[in-house]
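Peer 1: Following this line is run_0.cif, made up of mmCIF, C-alpha atoms:
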```
data_upload
loop_
_atom_site.label_atom_id
_atom_site.label_comp_id
_atom_site.auth_asym_id
_atom_site.auth_seq_id
_atom_site.Cartn_x
_atom_site.Cartn_y
_atom_site.Cartn_z
CA MET J 225 15.64 2.98 -13.96
CA ASN J 226 15.95 1.55 -17.46
CA SER J 227 17.45 -1.69 -16.13
CA ALA J 228 14.57 -2.11 -13.70
CA THR J 229 12.02 -1.41 -16.43
CA ASP J 230 13.72 -3.85 -18.80
CA GLY J 231 13.80 -6.45 -16.05
CA ARG J 232 10.08 -6.10 -15.42
CA GLY J 233 9.40 -6.29 -19.17
CA HIS J 234 11.44 -9.48 -19.55
CA GLY J 235 9.71 -10.92 -16.49
CA ARG J 236 6.28 -10.28 -17.98
CA LEU J 237 7.40 -11.81 -21.28
CA ARG J 238 8.64 -14.96 -19.55
CA THR J 239 5.42 -15.23 -17.58
CA THR J 240 3.33 -14.85 -20.73
CA ALA J 241 5.38 -17.47 -22.55
CA LEU J 242 5.04 -19.91 -19.65
CA VAL J 243 1.27 -19.42 -19.48
CA LEU J 244 0.98 -19.95 -23.23
CA LEU J 245 3.08 -23.11 -23.04
CA LEU J 246 0.86 -24.54 -20.32
CA CYS J 247 -2.25 -23.62 -22.32
CA VAL J 248 -0.86 -25.29 -25.47
CA VAL J 249 -0.10 -28.50 -23.56
CA ALA J 250 -3.50 -28.50 -21.82
CA LEU J 251 -5.47 -27.83 -25.01
CA THR J 252 -3.49 -30.44 -26.95
CA LEU J 253 -4.25 -33.08 -24.35
CA LEU J 254 -7.90 -32.02 -24.07
CA PHE J 255 -8.65 -32.07 -27.80
CA SER J 256 -6.65 -35.28 -28.28
CA ALA J 257 -8.65 -36.97 -25.53
CA GLN J 258 -11.90 -35.83 -27.16
CA GLU J 259 -10.77 -37.16 -30.55
CA VAL J 260 -9.79 -40.51 -29.02
CA MET J 261 -13.16 -40.76 -27.28
CA ARG J 262 -15.05 -40.02 -30.49
CA ARG J 263 -13.06 -42.64 -32.37
CA GLY J 264 -13.57 -45.18 -29.63
CA ILE J 265 -17.33 -44.61 -29.59
CA ALA J 266 -17.47 -44.85 -33.41
CA GLY J 267 -15.40 -48.04 -33.34
CA GLN J 268 -12.59 -46.45 -35.35
CA PRO J 269 -8.90 -47.27 -34.79
CA ILE J 270 -7.12 -45.09 -32.23
CA ASP J 271 -3.62 -43.76 -32.79
CA TRP J 272 -2.51 -41.59 -29.87
CA SER J 273 0.70 -40.51 -31.62
CA GLN J 274 -1.14 -39.30 -34.68
CA THR J 275 -3.84 -37.57 -32.65
CA LEU J 276 -1.31 -35.77 -30.43
CA ARG J 277 0.72 -34.60 -33.44
CA PHE J 278 -2.39 -33.37 -35.22
CA ASN J 279 -3.76 -31.35 -32.27
CA GLY J 280 -0.33 -30.36 -31.00
CA LEU J 281 0.55 -28.72 -34.31
CA ASP J 282 -2.68 -26.73 -34.27
CA TRP J 283 -2.21 -25.34 -30.77
CA VAL J 284 1.55 -24.78 -31.05
CA LEU J 285 0.94 -22.55 -34.07
CA TRP J 286 -1.80 -20.70 -32.17
CA GLY J 287 0.54 -20.27 -29.22
CA MET J 288 3.20 -18.72 -31.45
CA MET J 289 0.67 -16.38 -33.06
CA THR J 290 -0.76 -15.45 -29.69
CA MET J 291 2.60 -13.95 -28.71
CA LEU J 292 2.39 -11.68 -31.76
CA ILE J 293 -1.27 -10.88 -31.06
CA VAL J 294 -0.38 -9.88 -27.50
CA VAL J 295 2.43 -7.57 -28.64
CA ILE J 296 0.28 -5.84 -31.27
CA GLY J 297 -2.90 -5.94 -29.17
CA ARG J 298 -1.28 -4.07 -26.27
CA ARG J 299 -0.46 -1.22 -28.63
CA TYR J 300 -3.82 -1.13 -30.41
CA ARG J 301 -6.25 -1.80 -27.58
CA LEU J 302 -9.89 -1.52 -28.61
CA ASP J 303 -10.84 0.29 -25.41
CA ALA J 304 -8.25 3.06 -25.80
CA THR J 305 -9.35 6.58 -26.68
CA GLY J 306 -8.70 8.17 -30.06
CA GLN J 307 -7.97 6.63 -33.50
CA ARG J 308 -10.73 4.04 -33.16
CA VAL J 309 -10.85 3.40 -36.91
CA THR J 310 -7.14 2.59 -36.94
CA ARG J 311 -7.41 0.19 -34.01
CA VAL J 312 -10.47 -1.60 -35.41
CA SER J 313 -8.71 -1.90 -38.77
CA VAL J 314 -5.65 -3.40 -37.12
CA TRP J 315 -7.73 -6.02 -35.31
CA ILE J 316 -9.67 -6.92 -38.44
CA GLY J 317 -6.39 -7.28 -40.30
CA MET J 318 -4.95 -9.44 -37.51
CA ALA J 319 -8.06 -11.65 -37.52
CA ILE J 320 -7.82 -12.25 -41.27
CA ALA J 321 -4.05 -12.75 -41.24
CA ALA J 322 -4.06 -15.07 -38.22
CA THR J 323 -6.94 -17.17 -39.56
CA LEU J 324 -5.40 -17.57 -43.02
CA ALA J 325 -1.91 -18.22 -41.62
CA GLN J 326 -3.23 -20.87 -39.24
CA SER J 327 -5.22 -22.66 -41.97
CA LEU J 328 -2.45 -22.53 -44.56
CA LEU J 329 0.35 -23.60 -42.22
CA THR J 330 -1.57 -26.49 -40.68
CA GLY J 331 -2.74 -27.60 -44.12
CA ILE J 332 0.75 -27.64 -45.60
CA ILE J 333 2.38 -29.34 -42.60
CA LEU J 334 -0.34 -31.91 -42.05
CA ARG J 335 -0.36 -32.80 -45.76
CA ALA J 336 3.42 -33.23 -45.63
CA TRP J 337 3.08 -35.45 -42.55
CA GLY J 338 0.25 -37.44 -44.09
CA LEU J 339 -2.10 -36.58 -41.22
CA ILE J 340 -4.89 -34.89 -43.15
CA ALA J 341 -8.25 -35.36 -41.50
CA GLY J 342 -10.26 -33.12 -43.77
CA PRO J 343 -12.97 -33.74 -46.38
CA PRO J 344 -12.72 -37.04 -48.33
CA GLY J 345 -10.34 -36.92 -51.25
CA THR J 346 -8.53 -33.78 -50.18
CA ALA J 347 -5.21 -35.57 -49.80
CA ALA J 348 -5.11 -36.33 -53.55
CA MET J 349 -5.94 -32.79 -54.68
CA PRO J 350 -3.33 -30.39 -56.09
CA LEU J 351 -1.77 -28.35 -53.31
CA GLY J 352 -3.42 -25.07 -54.32
CA ARG J 353 -6.92 -26.50 -54.52
CA PHE J 354 -6.36 -28.50 -51.37
CA LEU J 355 -5.38 -25.39 -49.39
CA VAL J 356 -8.52 -23.57 -50.60
CA VAL J 357 -10.74 -26.45 -49.47
CA TRP J 358 -8.83 -26.88 -46.22
CA THR J 359 -8.99 -23.17 -45.41
CA ALA J 360 -12.73 -23.05 -46.09
CA SER J 361 -13.30 -26.02 -43.75
CA THR J 362 -11.19 -24.62 -40.89
CA VAL J 363 -11.75 -20.87 -41.11
CA GLY J 364 -14.78 -20.92 -38.80
CA PHE J 365 -13.01 -22.63 -35.93
CA ASN J 366 -9.90 -20.47 -36.42
CA LEU J 367 -11.95 -17.26 -36.33
CA ILE J 368 -13.61 -18.37 -33.09
CA THR J 369 -10.21 -19.17 -31.62
CA PHE J 370 -8.82 -15.77 -32.63
CA PHE J 371 -11.72 -13.86 -31.07
CA MET J 372 -11.39 -15.91 -27.87
CA ILE J 373 -7.71 -14.97 -27.70
CA ALA J 374 -8.59 -11.31 -28.30
CA ALA J 375 -11.26 -11.42 -25.57
CA LEU J 376 -8.91 -13.06 -23.07
CA LEU J 377 -6.19 -10.52 -23.87
CA HIS J 378 -8.52 -7.58 -23.27
CA ALA J 379 -9.82 -9.18 -20.08
CA ALA J 380 -6.24 -9.51 -18.84
CA LEU J 381 -5.51 -5.90 -19.80
CA TYR J 382 -8.66 -4.69 -18.02
CA TYR J 383 -7.64 -6.60 -14.90
CA GLY J 384 -4.14 -5.14 -15.06
CA ASP J 385 -5.57 -1.62 -15.40
CA LEU J 386 -7.92 -2.17 -12.45
CA ARG J 387 -5.13 -3.52 -10.26
CA ALA J 388 -2.79 -0.66 -11.21
CA ARG J 389 -5.53 1.89 -10.52
CA ARG J 390 -6.22 0.40 -7.10
CA LEU J 391 -2.52 0.44 -6.27
CA ARG J 392 -2.29 4.09 -7.35
CA GLU J 393 -5.33 5.01 -5.27
CA ALA J 394 -3.96 3.19 -2.22
CA ASP J 395 -0.59 4.91 -2.67
CA LEU J 396 -2.30 8.29 -3.03
CA GLU J 397 -4.31 7.70 0.13
CA ARG J 398 -1.13 6.83 2.03
CA ARG J 399 0.61 9.92 0.68
CA LEU J 400 -2.32 12.15 1.65
CA ALA J 401 -2.42 10.62 5.12
CA ARG J 402 1.33 11.12 5.58
CA SER J 403 1.07 14.72 4.33
CA GLU J 404 -1.69 15.52 6.80
CA LEU J 405 0.22 13.83 9.61
CA ASN J 406 3.34 15.82 8.77
CA ALA J 407 1.33 19.06 8.66
CA LEU J 408 -0.17 18.35 12.08
CA ARG J 409 3.23 17.43 13.49
CA GLN J 410 4.83 20.61 12.15
CA GLN J 411 2.13 22.64 13.90
CA LEU J 412 3.14 21.06 17.21
CA GLN J 413 6.84 21.82 16.86
CA PRO J 414 6.52 25.66 16.72
CA HIS J 415 4.07 25.44 19.65
CA PHE J 416 6.66 23.53 21.68
CA LEU J 417 9.44 25.95 20.68
CA PHE J 418 7.35 28.98 21.65
CA ASN J 419 6.74 27.62 25.16
CA ALA J 420 10.39 26.68 25.61
CA LEU J 421 11.51 30.16 24.59
CA HIS J 422 8.98 31.64 26.99
CA THR J 423 10.70 29.67 29.74
CA VAL J 424 14.07 31.14 28.77
CA SER J 425 12.59 34.65 28.64
CA SER J 426 11.23 34.38 32.17
CA LEU J 427 14.62 33.25 33.48
CA MET J 428 16.57 36.08 31.84
CA THR J 429 15.20 38.57 34.36
CA SER J 430 15.78 36.46 37.44
CA ASN J 431 18.59 33.97 36.88
CA VAL J 432 20.89 34.57 33.91
CA PRO J 433 23.18 31.55 34.52
CA SER J 434 20.12 29.30 34.63
CA ALA J 435 18.85 30.93 31.44
CA GLN J 436 22.15 30.21 29.72
CA ARG J 437 21.97 26.62 30.90
CA VAL J 438 18.44 26.31 29.63
CA ILE J 439 19.45 27.74 26.24
CA ALA J 440 22.15 25.08 25.96
CA ASP J 441 19.66 22.40 27.02
CA LEU J 442 17.17 23.76 24.52
CA GLY J 443 19.73 23.46 21.74
CA ASP J 444 20.32 19.82 22.66
CA LEU J 445 16.59 19.24 22.83
CA LEU J 446 15.97 20.78 19.42
CA ARG J 447 18.69 18.64 17.89
CA ALA J 448 17.11 15.60 19.48
CA SER J 449 13.69 16.67 18.19
CA LEU J 450 14.96 16.55 14.60
CA ASP J 451 15.84 12.88 15.04
CA HIS J 452 12.79 12.27 17.21
CA THR J 453 10.35 13.45 14.53
CA ALA J 454 12.09 11.86 11.54
CA GLN J 455 9.27 9.31 11.51
CA GLN J 456 5.68 9.27 12.66
CA GLU J 457 6.18 6.53 15.26
CA VAL J 458 9.07 6.12 17.71
CA PRO J 459 9.79 3.65 20.54
CA LEU J 460 8.18 4.56 23.86
CA ARG J 461 11.56 4.82 25.58
CA GLU J 462 12.64 7.56 23.13
CA GLU J 463 9.40 9.46 23.62
CA LEU J 464 9.80 9.33 27.40
CA ASP J 465 13.43 10.43 27.18
CA PHE J 466 12.35 13.39 25.07
CA VAL J 467 9.73 14.33 27.68
CA ARG J 468 12.32 14.09 30.46
CA ARG J 469 14.56 16.57 28.63
CA TYR J 470 11.64 18.93 28.18
CA LEU J 471 10.76 18.67 31.88
CA GLU J 472 14.32 19.53 32.84
CA ILE J 473 13.92 22.84 31.03
CA GLN J 474 10.54 23.51 32.65
CA GLN J 475 11.81 22.62 36.10
CA ALA J 476 14.59 25.19 35.67
CA ARG J 477 11.80 27.75 35.38
CA PHE J 478 9.35 26.55 38.03
CA ARG J 479 11.85 24.98 40.43
CA ASP J 480 10.04 23.55 43.47
CA ARG J 481 6.64 24.52 42.13
CA LEU J 482 6.75 21.71 39.57
CA ARG J 483 6.68 18.13 40.76
CA VAL J 484 6.70 15.19 38.37
CA SER J 485 5.86 11.55 38.95
CA MET J 486 6.56 9.08 36.15
CA SER J 487 5.44 5.46 36.13
CA VAL J 488 6.36 3.15 33.24
CA GLU J 489 5.01 -0.39 33.17
CA ALA J 490 5.10 -0.96 29.42
CA PRO J 491 7.73 -2.31 27.02
CA GLY J 492 10.11 0.41 25.90
CA GLU J 493 10.15 -0.87 22.31
CA ALA J 494 6.38 -0.30 21.91
CA LEU J 495 5.76 2.28 19.20
CA VAL J 496 3.93 5.55 19.87
CA PRO J 497 3.40 8.66 17.73
CA SER J 498 6.36 11.00 17.95
CA LEU J 499 5.80 14.16 19.99
CA LEU J 500 2.74 12.60 21.59
CA LEU J 501 3.47 13.11 25.28
CA GLN J 502 5.34 16.43 25.18
CA PRO J 503 2.30 18.52 24.11
CA LEU J 504 0.23 16.81 26.82
CA VAL J 505 2.84 17.60 29.44
CA ASP J 506 3.11 21.15 28.14
CA ASN J 507 -0.68 21.49 28.32
CA ALA J 508 -0.67 20.21 31.91
CA ILE J 509 2.04 22.69 32.92
CA ARG J 510 0.24 25.66 31.34
CA HIS J 511 -3.11 24.83 32.96
CA GLY J 512 -1.88 23.24 36.16
CA ILE J 513 1.06 25.43 37.20
CA ASP J 514 1.69 28.39 34.89
CA GLY J 515 -0.16 31.50 36.02
CA GLY J 516 -0.48 30.31 39.62
CA THR J 517 1.69 30.64 42.67
CA GLY J 518 1.35 27.26 44.35
CA GLN J 519 2.85 23.87 43.69
CA GLY J 520 1.57 21.53 41.06
CA THR J 521 2.09 17.88 40.29
CA ILE J 522 2.10 16.11 36.95
CA TRP J 523 1.70 12.35 36.75
CA ILE J 524 2.89 10.54 33.63
CA SER J 525 2.15 6.86 33.24
CA ALA J 526 2.54 4.23 30.56
CA ARG J 527 1.17 0.74 31.12
CA ARG J 528 0.26 -2.35 29.20
CA ASP J 529 -3.35 -3.51 29.20
CA ASN J 530 -3.43 -6.86 27.37
CA ASN J 531 -2.72 -5.92 23.74
CA ARG J 532 -3.19 -2.20 24.38
CA LEU J 533 -0.78 0.54 25.42
CA VAL J 534 -2.38 3.03 27.80
CA LEU J 535 -0.74 6.44 28.22
CA GLU J 536 -1.93 9.01 30.73
CA VAL J 537 -0.92 12.53 31.73
CA ARG J 538 -2.62 14.03 34.80
CA ASP J 539 -2.29 17.31 36.64
CA ASP J 540 -3.92 18.72 39.76
CA GLY J 541 -4.50 22.22 38.42
CA SER J 542 -7.86 23.91 37.91
CA ARG J 543 -8.97 25.09 34.49
CA ALA J 544 -11.98 26.87 33.16
CA GLY J 545 -14.28 25.31 30.59
CA GLU J 546 -12.82 21.84 31.01
CA THR J 547 -14.20 18.79 29.27
CA PRO J 548 -16.22 16.37 31.41
CA ALA J 549 -14.51 13.17 32.46
CA GLY J 550 -14.36 10.51 29.77
CA ALA J 551 -15.36 12.88 26.98
CA THR J 552 -13.47 13.71 23.84
CA PRO J 553 -12.03 17.26 24.01
CA GLN J 554 -13.69 19.82 21.85
CA PRO J 555 -11.62 21.59 19.19
CA GLY J 556 -9.72 24.54 20.49
CA GLY J 557 -6.29 23.88 21.93
CA ILE J 558 -3.95 23.18 19.08
CA GLY J 559 -2.05 20.55 21.07
CA LEU J 560 -4.97 18.31 22.07
CA GLU J 561 -6.82 18.86 18.81
CA ASN J 562 -3.83 17.94 16.66
CA ILE J 563 -3.02 14.90 18.78
CA GLU J 564 -6.56 13.63 18.29
CA LYS J 565 -6.30 14.18 14.52
CA ARG J 566 -2.96 12.38 14.34
CA LEU J 567 -4.33 9.41 16.26
CA VAL J 568 -7.27 9.18 13.87
CA GLN J 569 -4.93 9.26 10.87
CA LEU J 570 -2.56 6.69 12.33
CA TYR J 571 -4.91 4.20 13.93
CA GLY J 572 -8.43 5.02 12.79
CA ALA J 573 -11.05 3.54 15.09
CA ASN J 574 -8.39 1.42 16.83
CA ARG J 575 -7.60 4.15 19.35
CA SER J 576 -9.16 5.91 22.31
CA PHE J 577 -8.61 9.53 23.37
CA GLN J 578 -10.26 10.88 26.51
CA ALA J 579 -9.74 14.08 28.47
CA GLY J 580 -11.49 15.40 31.57
CA ARG J 581 -11.47 15.58 35.34
CA GLY J 582 -11.52 12.22 37.04
CA ALA J 583 -13.03 11.06 40.31
CA ASP J 584 -9.85 12.11 42.16
CA GLY J 585 -10.31 15.70 41.01
CA HIS J 586 -7.29 15.62 38.71
CA PHE J 587 -7.50 16.58 35.06
CA ALA J 588 -6.31 13.67 32.94
CA VAL J 589 -5.70 12.88 29.29
CA ARG J 590 -5.85 9.15 28.65
CA ILE J 591 -4.81 7.56 25.35
CA SER J 592 -5.21 3.90 24.44
CA LEU J 593 -3.33 2.58 21.42
CA PRO J 594 -2.72 -0.85 19.90
CA LEU J 595 0.45 -2.29 21.43
CA HIS J 596 2.80 -2.96 18.52
CA THR J 597 6.48 -2.84 17.62
CA ASP J 598 6.21 -3.08 13.82
CA ALA J 599 5.85 0.28 12.06
CA ALA J 600 4.51 -1.48 8.96
CA GLN J 601 1.44 -2.58 10.93
CA PHE J 602 0.03 0.92 10.51
CA PRO J 603 1.37 2.10 7.11
CA SER J 604 -0.11 5.59 7.48
CA GLY J 605 2.59 6.15 10.02
CA ASP J 606 5.45 5.56 7.61
CA SER J 607 7.86 8.41 7.29
CA ALA J 608 7.31 10.61 4.28
#
```
For this file, write the structure as structure tokens.

Peer 2:
Amino acid sequence: MNSATDGRGHGRLRTTALVLLLCVVALTLLFSAQEVMRRGIAGQPIDWSQTLRFNGLDWVLWGMMTMLIVVIGRRYRLDATGQRVTRVSVWIGMAIAATLAQSLLTGIILRAWGLIAGPPGTAAMPLGRFLVVWTASTVGFNLITFFMIAALLHAALYYGDLRARRLREADLERRLARSELNALRQQLQPHFLFNALHTVSSLMTSNVPSAQRVIADLGDLLRASLDHTAQQEVPLREELDFVRRYLEIQQARFRDRLRVSMSVEAPGEALVPSLLLQPLVDNAIRHGIDGGTGQGTIWISARRDNNRLVLEVRDDGSRAGETPAGATPQPGGIGLENIEKRLVQLYGANRSFQAGRGADGHFAVRISLPLHTDAAQFPSGDSA
């Protein structure tokens, strides 16, 4: 953790230094070009070397002081809460110190280089008096420069705060979405387990060997369910395999009364929400076969429709209070209701969920999802 933090800190420092270097070079060239243009217009002699040294010294010193201003300014931000007097005092002190240091250093170095471009006669003055005159003539520009650096620093800090806040909010939204998805998924698992155990219970009074077989199959299925629900989305082939195992248990209970037809015309690597089809199949069995005495058929299909994946589970049973064809099911059954909520969380408006009796008289649940194989395409579906 410390190594990573230190690495990020060094990276920010290198980036800041590089930006400052580019700014120093750009400002040196800009001010030198302006000075050359003024001299050319005034008919004065032009010395590029002297002009570049003069302006380069000024901005190199400001670049070095800017590094110190950034370090201190981050700690004593003017927009922070508490100790306002202390922070304002620090910035006033930095403004005075930076302005005086810039004037004194440039004055001493330029005088030593013989590049003084100040008031007439300043070059012949004693050093002390010269520095007073030089400081008075440059303090205004240096103060403006300091306050521009302070403003740019705070603007950069504000932008960094805004970006960090947006990242935190986005991360929080993803975490909340994953938490709700996990809560909905965990509600489905006990529902599935209850129905499976009900199957075993019904067999214990009629066929003990079959019940023992079903218990063993149920153990395998539960182990598979732990892997199956380790993430919000799984490949279609795994979801269908899970449903087949579940149907084997149910067919041990209903025997010839339960008929299943499965049609798959979609790529097996397409991602679907985990435990999506099993609750639909369970719902079809409970309403289409359980409680009756006749045979019932369940049709399961998965097909590709352009860039969509269409999943459908139909049964030929009768049910009271059913939803009209093409309508969204009303809240009630925990399976259908939770599936609809999970689809909203995972895909938002980019999904379709319909349940009702079709023109053929069969009750059908039809789901249309975006056909995709990359779990990162819908980040709300990332595993928690």

Peer 1: Return as a PyMOL selection string the set of residues that the PyMOL selection byres ((chain J and resi 472) around 12) yields on the displayed structure.

Peer 2: chain J and resi 420+423+434+437-442+444-445+465-471+473-479+482-484

Peer 1: Can you work out which one of J:Leu595, J:Ala508, J:Cys247, J:Ala321 has the shortest atom-to-atom distance to Met289 (chain J), counting only C-alpha atoms?

Peer 2: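 Selected residue with least distance to Met289 (chain J): J:Ala321.
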
Peer 1: Taking into account all atoms listed in the file, which residue in the set J:Met261, J:Val295, J:Ala583, J:Leu281 is nearest to Arg236 (chain J)?

Peer 2: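 Going through J:Met261, J:Val295, J:Ala583, J:Leu281 one by one, the smallest distance to Arg236 (chain J) is for J:Val295.
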
Peer 1: Just want the 12 Å neighbourhood of Gly512 (chain J), counted on all atoms listed in the file, with same-chain residues fewer than 4 positions away dropped. Output as JSON, numbers by chain.

Peer 2: {"J": [478, 481, 482, 483, 484, 504, 505, 506, 507, 508, 516, 517, 518, 519, 520, 521, 522, 523, 537, 538, 539, 540, 541, 542, 543, 544, 586, 587, 588]}

Peer 1: Could you please take those selected residues and save C-alpha atoms as a PDB file, in the frame of the given file?

Peer 2:
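Heads up, here's the output in result_27.pdb:
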```pdb
ATOM      1  CA  PHE J 478       9.350  26.550  38.030  1.00  0.00           C
ATOM      2  CA  ARG J 481       6.640  24.520  42.130  1.00  0.00           C
ATOM      3  CA  LEU J 482       6.750  21.710  39.570  1.00  0.00           C
ATOM      4  CA  ARG J 483       6.680  18.130  40.760  1.00  0.00           C
ATOM      5  CA  VAL J 484       6.700  15.190  38.370  1.00  0.00           C
ATOM      6  CA  LEU J 504       0.230  16.810  26.820  1.00  0.00           C
ATOM      7  CA  VAL J 505       2.840  17.600  29.440  1.00  0.00           C
ATOM      8  CA  ASP J 506       3.110  21.150  28.140  1.00  0.00           C
ATOM      9  CA  ASN J 507      -0.680  21.490  28.320  1.00  0.00           C
ATOM     10  CA  ALA J 508      -0.670  20.210  31.910  1.00  0.00           C
ATOM     11  CA  GLY J 516      -0.480  30.310  39.620  1.00  0.00           C
ATOM     12  CA  THR J 517       1.690  30.640  42.670  1.00  0.00           C
ATOM     13  CA  GLY J 518       1.350  27.260  44.350  1.00  0.00           C
ATOM     14  CA  GLN J 519       2.850  23.870  43.690  1.00  0.00           C
ATOM     15  CA  GLY J 520       1.570  21.530  41.060  1.00  0.00           C
ATOM     16  CA  THR J 521       2.090  17.880  40.290  1.00  0.00           C
ATOM     17  CA  ILE J 522       2.100  16.110  36.950  1.00  0.00           C
ATOM     18  CA  TRP J 523       1.700  12.350  36.750  1.00  0.00           C
ATOM     19  CA  VAL J 537      -0.920  12.530  31.730  1.00  0.00           C
ATOM     20  CA  ARG J 538      -2.620  14.030  34.800  1.00  0.00           C
ATOM     21  CA  ASP J 539      -2.290  17.310  36.640  1.00  0.00           C
ATOM     22  CA  ASP J 540      -3.920  18.720  39.760  1.00  0.00           C
ATOM     23  CA  GLY J 541      -4.500  22.220  38.420  1.00  0.00           C
ATOM     24  CA  SER J 542      -7.860  23.910  37.910  1.00  0.00           C
ATOM     25  CA  ARG J 543      -8.970  25.090  34.490  1.00  0.00           C
ATOM     26  CA  ALA J 544     -11.980  26.870  33.160  1.00  0.00           C
ATOM     27  CA  HIS J 586      -7.290  15.620  38.710  1.00  0.00           C
ATOM     28  CA  PHE J 587      -7.500  16.580  35.060  1.00  0.00           C
ATOM     29  CA  ALA J 588      -6.310  13.670  32.940  1.00  0.00           C
TER      30      ALA J 588
END
```

Peer 1: From (-7.0, -0.8, -34.1), in the file's coordinates, out to 8 Å: which residues are reached, counting only C-alpha atoms? Answer as a PyMOL selection string.

Peer 2: chain J and resi 300-302+307-316

Peer 1: Please measure the separation of CA of Ala599 (chain J) and CA of Leu495 (chain J), giving the value in Å to one decimal.

Peer 2: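 For CA of Ala599 (chain J) relative to CA of Leu495 (chain J), the distance reads 7.4 Å.
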
Peer 1: Out of J:Ile296, J:Ala241, J:Val589, J:Leu328, which residue has the shortest atom-to-atom distance to Val357 (chain J) when counting all atoms listed in the file?

Peer 2: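 For Val357 (chain J), the nearest of the candidates is J:Leu328.
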
Peer 1: Between CA of Leu244 (chain J) and CA of Gln274 (chain J), what is the distance in Å, rounded to a tenth?

Peer 2: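 Rounded to one decimal, the two atoms are 22.6 Å apart.
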
Peer 1: Can you tell me which residues surround Arg532 (chain J) at a distance of at most 8 Å, considering all atoms listed in the file, apart from same-chain residues fewer than 5 positions away, and format the answer as an MDAnalysis selection string?

Peer 2: chainID J and resid 592:595

Peer 1: Given all atoms listed in the file as the basis, pick out the residue of J:Leu355, J:Val249, J:Leu427, J:Ala322 nearest to Ile368 (chain J).

Peer 2: J:Ala322

Peer 1: In Å to one decimal, how far is CA of Asn279 (chain J) from CA of Ser256 (chain J)?

Peer 2: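 Interatomic distance here is 6.3 Å.
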
Peer 1: Given all atoms listed in the file as the basis, pick out the residue of J:Val496, J:Ala360, J:Met428, J:Ala325 nearest to Met288 (chain J).

Peer 2: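 Nearest candidate to Met288 (chain J) out of J:Val496, J:Ala360, J:Met428, J:Ala325: J:Ala325.
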
Peer 1: If the PyMOL selection byres ((chain J and resi 377) around 12) is run on the structure shown, which residues does it catch, given as a ChimeraX atom specification?

Peer 2: /J:240,244,290-303,370-376,378-384

Peer 1: Which one is closest to Asp598 (chain J): J:Ala304, J:Pro459, J:Phe354, J:Ile509? Count only C-alpha atoms.

Peer 2: J:Pro459

Peer 1: Report the residues retrieved by the PyMOL selection byres ((chain J and resi 339) around 9) from the displayed file, expressed as a ChimeraX atom specification.

Peer 2: /J:274-275,277-278,333-338,340-341

Peer 1: What's the 8 Å shell around Val488 (chain J), counting all atoms listed in the file, without same-chain residues fewer than 2 positions away, as a ChimeraX atom specification?

Peer 2: /J:486,490,525-527
